[in-house]
Amino acid sequence: MADTTEALPFAAWMAGVQAEVEDALSDFLPAAHLVPTKLHEAMRYTVLGGGKRVRPLLVYASGALFGADSQALARAACALEMIHAYSLVHDDMPCMDNDELRRGKPTVHVAYDEATALLVGDALQAQAFEVLASNDTLPANRQVAMLRLLAEAAGSGGMCGGQAIDLDSVGIALSLEQLERMHQLKTGALLRASVLLGALCGKDLSATELEALKAYSKAVGLAFQVVDDILDATADSATLGKTAGKDAADNKPTYVSILGLEQSKELAQQLRRDAHDALAPFGEQALRLRELADLIVQRKA
Ligand code: GRG
């Protein structure tokens with residue numbers, strides 16, 4: 001895969017990564033004809049042919065800074081996308097967000113049934129760790145560190161914990177700090193893991209490089225959520241491929257409800273600048289990570 005130093009336009013680089021990840025995901029997922037066929041078909045329905053693949057893009061962009069191994073990158077990217085896809089399936093279920101549209105298609109519990117949606121999420125989570133653990137190009141201690149990082153990001157100290165706080169926050173007036181804390185866990189933890197796992201696919205990082213990547217991830221993770229809130233309040237369902245306007249309808253605290261639209265937009269731009277600033281130690285080499293910060297802030301869906 002092309003790395004960040006090549007003069008490929010961003011759109012072409014992104015399309016290349018997305019296509020490579022789509023192929024790898026298809027290879028790593030159980031074939032639809034294998035028993036239990038309904039579950040395997042539903043897993044493929046969930047994961048393939050949709051989504052922006054932001055987490056895989058972060059993995060590849062970060063990995064390119066450290067001369068990452070291509071097999072390791074593909075496995076890390078697919079593991080993250082599987083965890084992300086599982087979280088969306090469970091989040092859409094009637095017991096959580098109760099949504100019927102995701103990535104422009106009926107959600108899994110609608111297209112199949114609730115029990116299948118539950119199992120799809122469970123199976124994708126296990127599959128993610130199998131995919132990551134099956135890499136054979138990195139030293140064992142590095143592999144264990146990567147597995148641990150993903151587990152921490154997905155668990156109650158990361159994404160699941162953020163989701164739990166989110167569920168408890170409906171109808172409650174959170175402070176900006178509380179909202180930020182929730183999103184750093186719910187959305188930020190996987191985005192941070194994407195940047196760090198990409199880096200761990202390559203040569204050893206210095207302490208300065210690690211801190212720079214953490215600062216970048218923090219800014220990008222928050223920016224992602226601020227923009228998500230702005231889009232939920234301003235875009236339509238057809239553009240988003242999911243139900244728009246749900247945050248207000250569900251009485252959820254958001255950046256838009258706390259700061260208002262204009263200040264939320266300013267915050268997103270500030271976070272984009274923070275993300276760029278954090279990458280200073282990498283100089284020109286961090287072009288793709290800078291471009292991804294821009295994409296995350298400028299996206300329309
Ligand atoms: C159910 C354990 C569990 C966790 C759910 C991430 C999450 C936690 C729920 C999703 C709810 C949501 C819409 C959060 C806002 C940010 C977010 C993760 C949006 C969806 O991610 P994108 O935009 O989606 O990267 P695509 O479809 O492009 O992959």
# chains A, B, ... in the order shown; residues from 1 in each chain; ligands from 1
>>> residues_around(residues="Ala275 (chain A)", least_positions_apart="5", cutoff="7 Å", atoms="only C-alpha atoms", output="number ranges by chain")
A: 216, 219-220, 293
>>> residues_near_ligand(ligand="ligand 1", cutoff="6 Å", atoms="only C-alpha atoms and all ligand atoms", output="number ranges by chain")
A: 51-54, 87-88, 90-91, 103, 159-160, 163, 186-187, 225
>>> write_last_selection(atoms="C-alpha atoms", output="mmCIF file, in the first residue's frame")
data_model
loop_
_atom_site.group_PDB
_atom_site.id
_atom_site.type_symbol
_atom_site.label_atom_id
_atom_site.label_comp_id
_atom_site.auth_asym_id
_atom_site.auth_seq_id
_atom_site.Cartn_x
_atom_site.Cartn_y
_atom_site.Cartn_z
ATOM 1 C CA GLY A 51 -19.073 3.009 6.135
ATOM 2 C CA LYS A 52 -16.372 5.597 5.696
ATOM 3 C CA ARG A 53 -13.674 3.318 7.171
ATOM 4 C CA VAL A 54 -12.282 6.206 9.234
ATOM 5 C CA SER A 87 -20.925 -1.364 18.343
ATOM 6 C CA LEU A 88 -23.175 0.129 15.676
ATOM 7 C CA HIS A 90 -25.811 -3.136 19.235
ATOM 8 C CA ASP A 91 -26.305 0.630 19.472
ATOM 9 C CA ARG A 103 -25.185 3.063 6.360
ATOM 10 C CA MET A 159 -16.220 2.431 24.267
ATOM 11 C CA CYS A 160 -18.635 0.336 26.368
ATOM 12 C CA GLN A 163 -21.957 4.028 25.945
ATOM 13 C CA LYS A 186 -17.563 6.244 23.594
ATOM 14 C CA THR A 187 -16.066 7.399 20.293
ATOM 15 C CA GLN A 225 -17.968 13.761 17.863
#
>>> closest_residue(among="A:Ala77, A:Val131, A:Tyr45, A:Leu57", to="Phe10 (chain A)", atoms="only C-alpha atoms")
A:Leu57
>>> select_by_dssp(residues="region 203-295 of chain A", states="helix (DSSP H, G or I)", output="mmCIF file with N, CA and C atoms, in the first residue's frame")
data_model
loop_
_atom_site.group_PDB
_atom_site.id
_atom_site.type_symbol
_atom_site.label_atom_id
_atom_site.label_comp_id
_atom_site.auth_asym_id
_atom_site.auth_seq_id
_atom_site.Cartn_x
_atom_site.Cartn_y
_atom_site.Cartn_z
ATOM 1 N N ALA A 207 9.163 8.270 23.073
ATOM 2 C CA ALA A 207 8.159 8.844 23.980
ATOM 3 C C ALA A 207 7.531 10.090 23.365
ATOM 4 N N THR A 208 8.330 10.885 22.680
ATOM 5 C CA THR A 208 7.800 12.107 22.049
ATOM 6 C C THR A 208 6.787 11.763 20.975
ATOM 7 N N GLU A 209 7.119 10.747 20.183
ATOM 8 C CA GLU A 209 6.198 10.352 19.111
ATOM 9 C C GLU A 209 4.880 9.821 19.683
ATOM 10 N N LEU A 210 5.003 9.033 20.760
ATOM 11 C CA LEU A 210 3.802 8.480 21.389
ATOM 12 C C LEU A 210 2.905 9.597 21.917
ATOM 13 N N GLU A 211 3.513 10.561 22.592
ATOM 14 C CA GLU A 211 2.723 11.681 23.133
ATOM 15 C C GLU A 211 2.077 12.488 22.004
ATOM 16 N N ALA A 212 2.806 12.662 20.919
ATOM 17 C CA ALA A 212 2.258 13.415 19.776
ATOM 18 C C ALA A 212 1.042 12.688 19.206
ATOM 19 N N LEU A 213 1.143 11.378 19.075
ATOM 20 C CA LEU A 213 0.015 10.608 18.531
ATOM 21 C C LEU A 213 -1.178 10.638 19.479
ATOM 22 N N LYS A 214 -0.902 10.592 20.774
ATOM 23 C CA LYS A 214 -2.011 10.659 21.746
ATOM 24 C C LYS A 214 -2.705 12.016 21.675
ATOM 25 N N ALA A 215 -1.915 13.089 21.574
ATOM 26 C CA ALA A 215 -2.514 14.441 21.498
ATOM 27 C C ALA A 215 -3.323 14.574 20.215
ATOM 28 N N TYR A 216 -2.781 14.051 19.119
ATOM 29 C CA TYR A 216 -3.511 14.081 17.832
ATOM 30 C C TYR A 216 -4.837 13.321 17.963
ATOM 31 N N SER A 217 -4.763 12.110 18.543
ATOM 32 C CA SER A 217 -5.974 11.277 18.660
ATOM 33 C C SER A 217 -7.023 11.954 19.508
ATOM 34 N N LYS A 218 -6.572 12.604 20.562
ATOM 35 C CA LYS A 218 -7.535 13.251 21.457
ATOM 36 C C LYS A 218 -8.305 14.342 20.703
ATOM 37 N N ALA A 219 -7.546 15.150 19.957
ATOM 38 C CA ALA A 219 -8.195 16.240 19.210
ATOM 39 C C ALA A 219 -9.110 15.685 18.125
ATOM 40 N N VAL A 220 -8.631 14.677 17.412
ATOM 41 C CA VAL A 220 -9.417 14.113 16.317
ATOM 42 C C VAL A 220 -10.669 13.396 16.846
ATOM 43 N N GLY A 221 -10.521 12.702 17.970
ATOM 44 C CA GLY A 221 -11.652 11.988 18.561
ATOM 45 C C GLY A 221 -12.769 12.943 18.957
ATOM 46 N N LEU A 222 -12.382 14.058 19.583
ATOM 47 C CA LEU A 222 -13.403 15.033 19.974
ATOM 48 C C LEU A 222 -14.001 15.725 18.758
ATOM 49 N N ALA A 223 -13.130 16.061 17.805
ATOM 50 C CA ALA A 223 -13.614 16.718 16.583
ATOM 51 C C ALA A 223 -14.642 15.831 15.894
ATOM 52 N N PHE A 224 -14.362 14.533 15.847
ATOM 53 C CA PHE A 224 -15.274 13.588 15.203
ATOM 54 C C PHE A 224 -16.658 13.686 15.840
ATOM 55 N N GLN A 225 -16.688 13.745 17.163
ATOM 56 C CA GLN A 225 -17.968 13.761 17.863
ATOM 57 C C GLN A 225 -18.678 15.100 17.732
ATOM 58 N N VAL A 226 -17.909 16.193 17.804
ATOM 59 C CA VAL A 226 -18.528 17.520 17.641
ATOM 60 C C VAL A 226 -19.203 17.587 16.273
ATOM 61 N N VAL A 227 -18.482 17.110 15.241
ATOM 62 C CA VAL A 227 -19.042 17.130 13.882
ATOM 63 C C VAL A 227 -20.245 16.188 13.796
ATOM 64 N N ASP A 228 -20.169 15.038 14.469
ATOM 65 C CA ASP A 228 -21.304 14.107 14.471
ATOM 66 C C ASP A 228 -22.549 14.801 15.025
ATOM 67 N N ASP A 229 -22.369 15.547 16.089
ATOM 68 C CA ASP A 229 -23.504 16.273 16.688
ATOM 69 C C ASP A 229 -24.022 17.360 15.749
ATOM 70 N N ILE A 230 -23.101 18.061 15.087
ATOM 71 C CA ILE A 230 -23.515 19.111 14.145
ATOM 72 C C ILE A 230 -24.315 18.490 13.000
ATOM 73 N N LEU A 231 -23.803 17.367 12.460
ATOM 74 C CA LEU A 231 -24.489 16.716 11.336
ATOM 75 C C LEU A 231 -25.858 16.201 11.766
ATOM 76 N N ASP A 232 -25.927 15.641 12.969
ATOM 77 C CA ASP A 232 -27.218 15.120 13.441
ATOM 78 C C ASP A 232 -28.261 16.241 13.484
ATOM 79 N N ALA A 233 -27.778 17.461 13.801
ATOM 80 C CA ALA A 233 -28.712 18.588 13.929
ATOM 81 C C ALA A 233 -28.996 19.274 12.601
ATOM 82 N N THR A 234 -28.137 19.072 11.597
ATOM 83 C CA THR A 234 -28.278 19.894 10.384
ATOM 84 C C THR A 234 -28.475 19.098 9.089
ATOM 85 N N SER A 237 -31.535 12.561 6.694
ATOM 86 C CA SER A 237 -31.268 11.128 6.854
ATOM 87 C C SER A 237 -30.667 10.516 5.587
ATOM 88 N N ALA A 238 -31.135 10.985 4.410
ATOM 89 C CA ALA A 238 -30.631 10.411 3.160
ATOM 90 C C ALA A 238 -29.133 10.672 3.026
ATOM 91 N N THR A 239 -28.699 11.876 3.385
ATOM 92 C CA THR A 239 -27.265 12.206 3.305
ATOM 93 C C THR A 239 -26.477 11.400 4.327
ATOM 94 N N LEU A 240 -27.018 11.288 5.533
ATOM 95 C CA LEU A 240 -26.282 10.615 6.611
ATOM 96 C C LEU A 240 -26.319 9.092 6.488
ATOM 97 N N LYS A 246 -31.884 12.697 15.657
ATOM 98 C CA LYS A 246 -32.270 11.781 16.735
ATOM 99 C C LYS A 246 -31.848 12.280 18.116
ATOM 100 N N ASP A 247 -30.717 13.001 18.154
ATOM 101 C CA ASP A 247 -30.207 13.445 19.460
ATOM 102 C C ASP A 247 -31.227 14.337 20.159
ATOM 103 N N ALA A 248 -31.756 15.318 19.397
ATOM 104 C CA ALA A 248 -32.743 16.236 20.000
ATOM 105 C C ALA A 248 -34.024 15.470 20.331
ATOM 106 N N ALA A 249 -34.454 14.603 19.390
ATOM 107 C CA ALA A 249 -35.699 13.847 19.610
ATOM 108 C C ALA A 249 -35.578 12.972 20.861
ATOM 109 N N TYR A 255 -22.970 18.528 21.825
ATOM 110 C CA TYR A 255 -22.244 19.792 21.712
ATOM 111 C C TYR A 255 -23.180 20.887 21.230
ATOM 112 N N VAL A 256 -24.072 20.535 20.293
ATOM 113 C CA VAL A 256 -24.981 21.552 19.754
ATOM 114 C C VAL A 256 -25.961 22.008 20.834
ATOM 115 N N SER A 257 -26.457 21.070 21.660
ATOM 116 C CA SER A 257 -27.421 21.483 22.690
ATOM 117 C C SER A 257 -26.739 22.305 23.785
ATOM 118 N N ILE A 258 -25.462 22.061 24.032
ATOM 119 C CA ILE A 258 -24.769 22.802 25.106
ATOM 120 C C ILE A 258 -24.157 24.109 24.587
ATOM 121 N N LEU A 259 -23.492 24.026 23.412
ATOM 122 C CA LEU A 259 -22.759 25.201 22.920
ATOM 123 C C LEU A 259 -23.513 26.004 21.875
ATOM 124 N N LEU A 261 -24.981 25.887 17.656
ATOM 125 C CA LEU A 261 -24.410 25.436 16.384
ATOM 126 C C LEU A 261 -23.114 26.175 16.026
ATOM 127 N N GLU A 262 -23.146 27.497 16.131
ATOM 128 C CA GLU A 262 -21.977 28.275 15.685
ATOM 129 C C GLU A 262 -20.752 27.985 16.533
ATOM 130 N N GLN A 263 -20.945 27.927 17.847
ATOM 131 C CA GLN A 263 -19.797 27.655 18.725
ATOM 132 C C GLN A 263 -19.302 26.218 18.536
ATOM 133 N N SER A 264 -20.204 25.310 18.213
ATOM 134 C CA SER A 264 -19.785 23.929 17.947
ATOM 135 C C SER A 264 -18.912 23.886 16.696
ATOM 136 N N LYS A 265 -19.297 24.655 15.683
ATOM 137 C CA LYS A 265 -18.492 24.703 14.447
ATOM 138 C C LYS A 265 -17.109 25.288 14.731
ATOM 139 N N GLU A 266 -17.079 26.334 15.556
ATOM 140 C CA GLU A 266 -15.777 26.937 15.910
ATOM 141 C C GLU A 266 -14.917 25.932 16.675
ATOM 142 N N LEU A 267 -15.570 25.179 17.576
ATOM 143 C CA LEU A 267 -14.810 24.180 18.352
ATOM 144 C C LEU A 267 -14.219 23.122 17.421
ATOM 145 N N ALA A 268 -14.995 22.682 16.438
ATOM 146 C CA ALA A 268 -14.485 21.671 15.501
ATOM 147 C C ALA A 268 -13.248 22.201 14.771
ATOM 148 N N GLN A 269 -13.285 23.466 14.373
ATOM 149 C CA GLN A 269 -12.126 24.050 13.672
ATOM 150 C C GLN A 269 -10.922 24.161 14.607
ATOM 151 N N GLN A 270 -11.186 24.523 15.869
ATOM 152 C CA GLN A 270 -10.083 24.613 16.837
ATOM 153 C C GLN A 270 -9.432 23.242 17.044
ATOM 154 N N LEU A 271 -10.278 22.212 17.145
ATOM 155 C CA LEU A 271 -9.754 20.848 17.349
ATOM 156 C C LEU A 271 -8.962 20.390 16.125
ATOM 157 N N ARG A 272 -9.393 20.813 14.943
ATOM 158 C CA ARG A 272 -8.632 20.482 13.726
ATOM 159 C C ARG A 272 -7.238 21.110 13.796
ATOM 160 N N ARG A 273 -7.190 22.373 14.252
ATOM 161 C CA ARG A 273 -5.886 23.035 14.389
ATOM 162 C C ARG A 273 -5.045 22.330 15.461
ATOM 163 N N ASP A 274 -5.691 21.925 16.557
ATOM 164 C CA ASP A 274 -4.964 21.213 17.623
ATOM 165 C C ASP A 274 -4.369 19.912 17.081
ATOM 166 N N ALA A 275 -5.155 19.219 16.256
ATOM 167 C CA ALA A 275 -4.677 17.955 15.684
ATOM 168 C C ALA A 275 -3.449 18.201 14.809
ATOM 169 N N HIS A 276 -3.520 19.239 13.981
ATOM 170 C CA HIS A 276 -2.372 19.580 13.125
ATOM 171 C C HIS A 276 -1.146 19.915 13.983
ATOM 172 N N ASP A 277 -1.380 20.737 15.008
ATOM 173 C CA ASP A 277 -0.253 21.165 15.861
ATOM 174 C C ASP A 277 0.416 19.963 16.523
ATOM 175 N N ALA A 278 -0.417 18.995 16.937
ATOM 176 C CA ALA A 278 0.138 17.828 17.642
ATOM 177 C C ALA A 278 1.108 17.043 16.759
ATOM 178 N N ALA A 280 3.360 18.172 14.802
ATOM 179 C CA ALA A 280 4.588 18.913 14.476
ATOM 180 C C ALA A 280 5.850 18.046 14.504
ATOM 181 N N PRO A 281 6.022 17.137 15.502
ATOM 182 C CA PRO A 281 7.272 16.357 15.536
ATOM 183 C C PRO A 281 7.502 15.492 14.285
ATOM 184 N N PHE A 282 6.446 15.214 13.520
ATOM 185 C CA PHE A 282 6.606 14.340 12.347
ATOM 186 C C PHE A 282 6.841 15.118 11.057
ATOM 187 N N GLY A 283 6.669 16.442 11.097
ATOM 188 C CA GLY A 283 6.894 17.259 9.902
ATOM 189 C C GLY A 283 6.014 16.822 8.744
ATOM 190 N N GLU A 284 6.572 16.898 7.529
ATOM 191 C CA GLU A 284 5.825 16.589 6.302
ATOM 192 C C GLU A 284 5.318 15.154 6.249
ATOM 193 N N GLN A 285 6.018 14.264 6.949
ATOM 194 C CA GLN A 285 5.658 12.837 6.924
ATOM 195 C C GLN A 285 4.222 12.563 7.372
ATOM 196 N N ALA A 286 3.686 13.479 8.171
ATOM 197 C CA ALA A 286 2.349 13.233 8.744
ATOM 198 C C ALA A 286 1.229 13.771 7.857
ATOM 199 N N LEU A 287 1.525 13.955 6.574
ATOM 200 C CA LEU A 287 0.536 14.520 5.653
ATOM 201 C C LEU A 287 -0.810 13.810 5.738
ATOM 202 N N ARG A 288 -0.804 12.472 5.691
ATOM 203 C CA ARG A 288 -2.091 11.751 5.668
ATOM 204 C C ARG A 288 -2.874 11.950 6.961
ATOM 205 N N LEU A 289 -2.179 11.980 8.095
ATOM 206 C CA LEU A 289 -2.897 12.207 9.358
ATOM 207 C C LEU A 289 -3.496 13.609 9.381
ATOM 208 N N ARG A 290 -2.775 14.576 8.829
ATOM 209 C CA ARG A 290 -3.339 15.942 8.758
ATOM 210 C C ARG A 290 -4.564 15.949 7.852
ATOM 211 N N GLU A 291 -4.439 15.267 6.719
ATOM 212 C CA GLU A 291 -5.564 15.232 5.782
ATOM 213 C C GLU A 291 -6.776 14.528 6.400
ATOM 214 N N LEU A 292 -6.513 13.518 7.210
ATOM 215 C CA LEU A 292 -7.633 12.813 7.855
ATOM 216 C C LEU A 292 -8.314 13.705 8.903
ATOM 217 N N ALA A 293 -7.529 14.504 9.608
ATOM 218 C CA ALA A 293 -8.137 15.462 10.555
ATOM 219 C C ALA A 293 -9.046 16.423 9.780
ATOM 220 N N ASP A 294 -8.580 16.874 8.612
ATOM 221 C CA ASP A 294 -9.403 17.776 7.790
ATOM 222 C C ASP A 294 -10.676 17.068 7.332
ATOM 223 N N LEU A 295 -10.520 15.824 6.903
ATOM 224 C CA LEU A 295 -11.690 15.063 6.430
ATOM 225 C C LEU A 295 -12.724 14.908 7.536
#
>>> closest_residue(among="A:Leu185, A:Leu8, A:Ala72, A:Val89", to="Met146 (chain A)", atoms="only C-alpha atoms")
A:Ala72
>>> residues_around(residues="Thr46 (chain A)", least_positions_apart="4", cutoff="9 Å", atoms="only C-alpha atoms", output="JSON, numbers by chain")
{"A": [41, 42, 50, 85, 86, 89, 107, 108, 120]}
>>> select_by_dssp(residues="region 27-257 of chain A", states="strand (DSSP E or B)", output="list of chain:residue names")
A:Leu101, A:Arg102, A:Lys105, A:Pro106
>>> write_last_selection(atoms="C-alpha atoms", output="compact mmCIF listing (two decimals), in the first residue's frame")
# COMPACT_ATOMS: atom_id res chain seq x y z
CA LEU A 101 -31.38 2.89 9.27
CA ARG A 102 -27.61 2.49 9.22
CA LYS A 105 -29.60 0.12 4.83
CA PRO A 106 -32.08 -1.37 7.31
>>> atom_distance(atom1="CA of Ser62 (chain A)", atom2="CA of Ser26 (chain A)")
23.0 Å
>>> atom_distance(atom1="CA of Val144 (chain A)", atom2="CA of Ala123 (chain A)")
20.7 Å
>>> atom_distance(atom1="CA of Arg55 (chain A)", atom2="CA of Ala193 (chain A)")
8.7 Å
>>> closest_residue(among="A:Leu279, A:Ala128, A:Leu196, A:Ala173", to="Leu80 (chain A)", atoms="only C-alpha atoms")
A:Ala128
>>> closest_residue(among="A:Val17, A:Ser175, A:Arg299, A:Phe66", to="Ser206 (chain A)", atoms="only C-alpha atoms")
A:Phe66
>>> closest_residue(among="A:Lys300, A:Leu197, A:Ala151, A:Asp204", to="Gly63 (chain A)", atoms="only C-alpha atoms")
A:Leu197
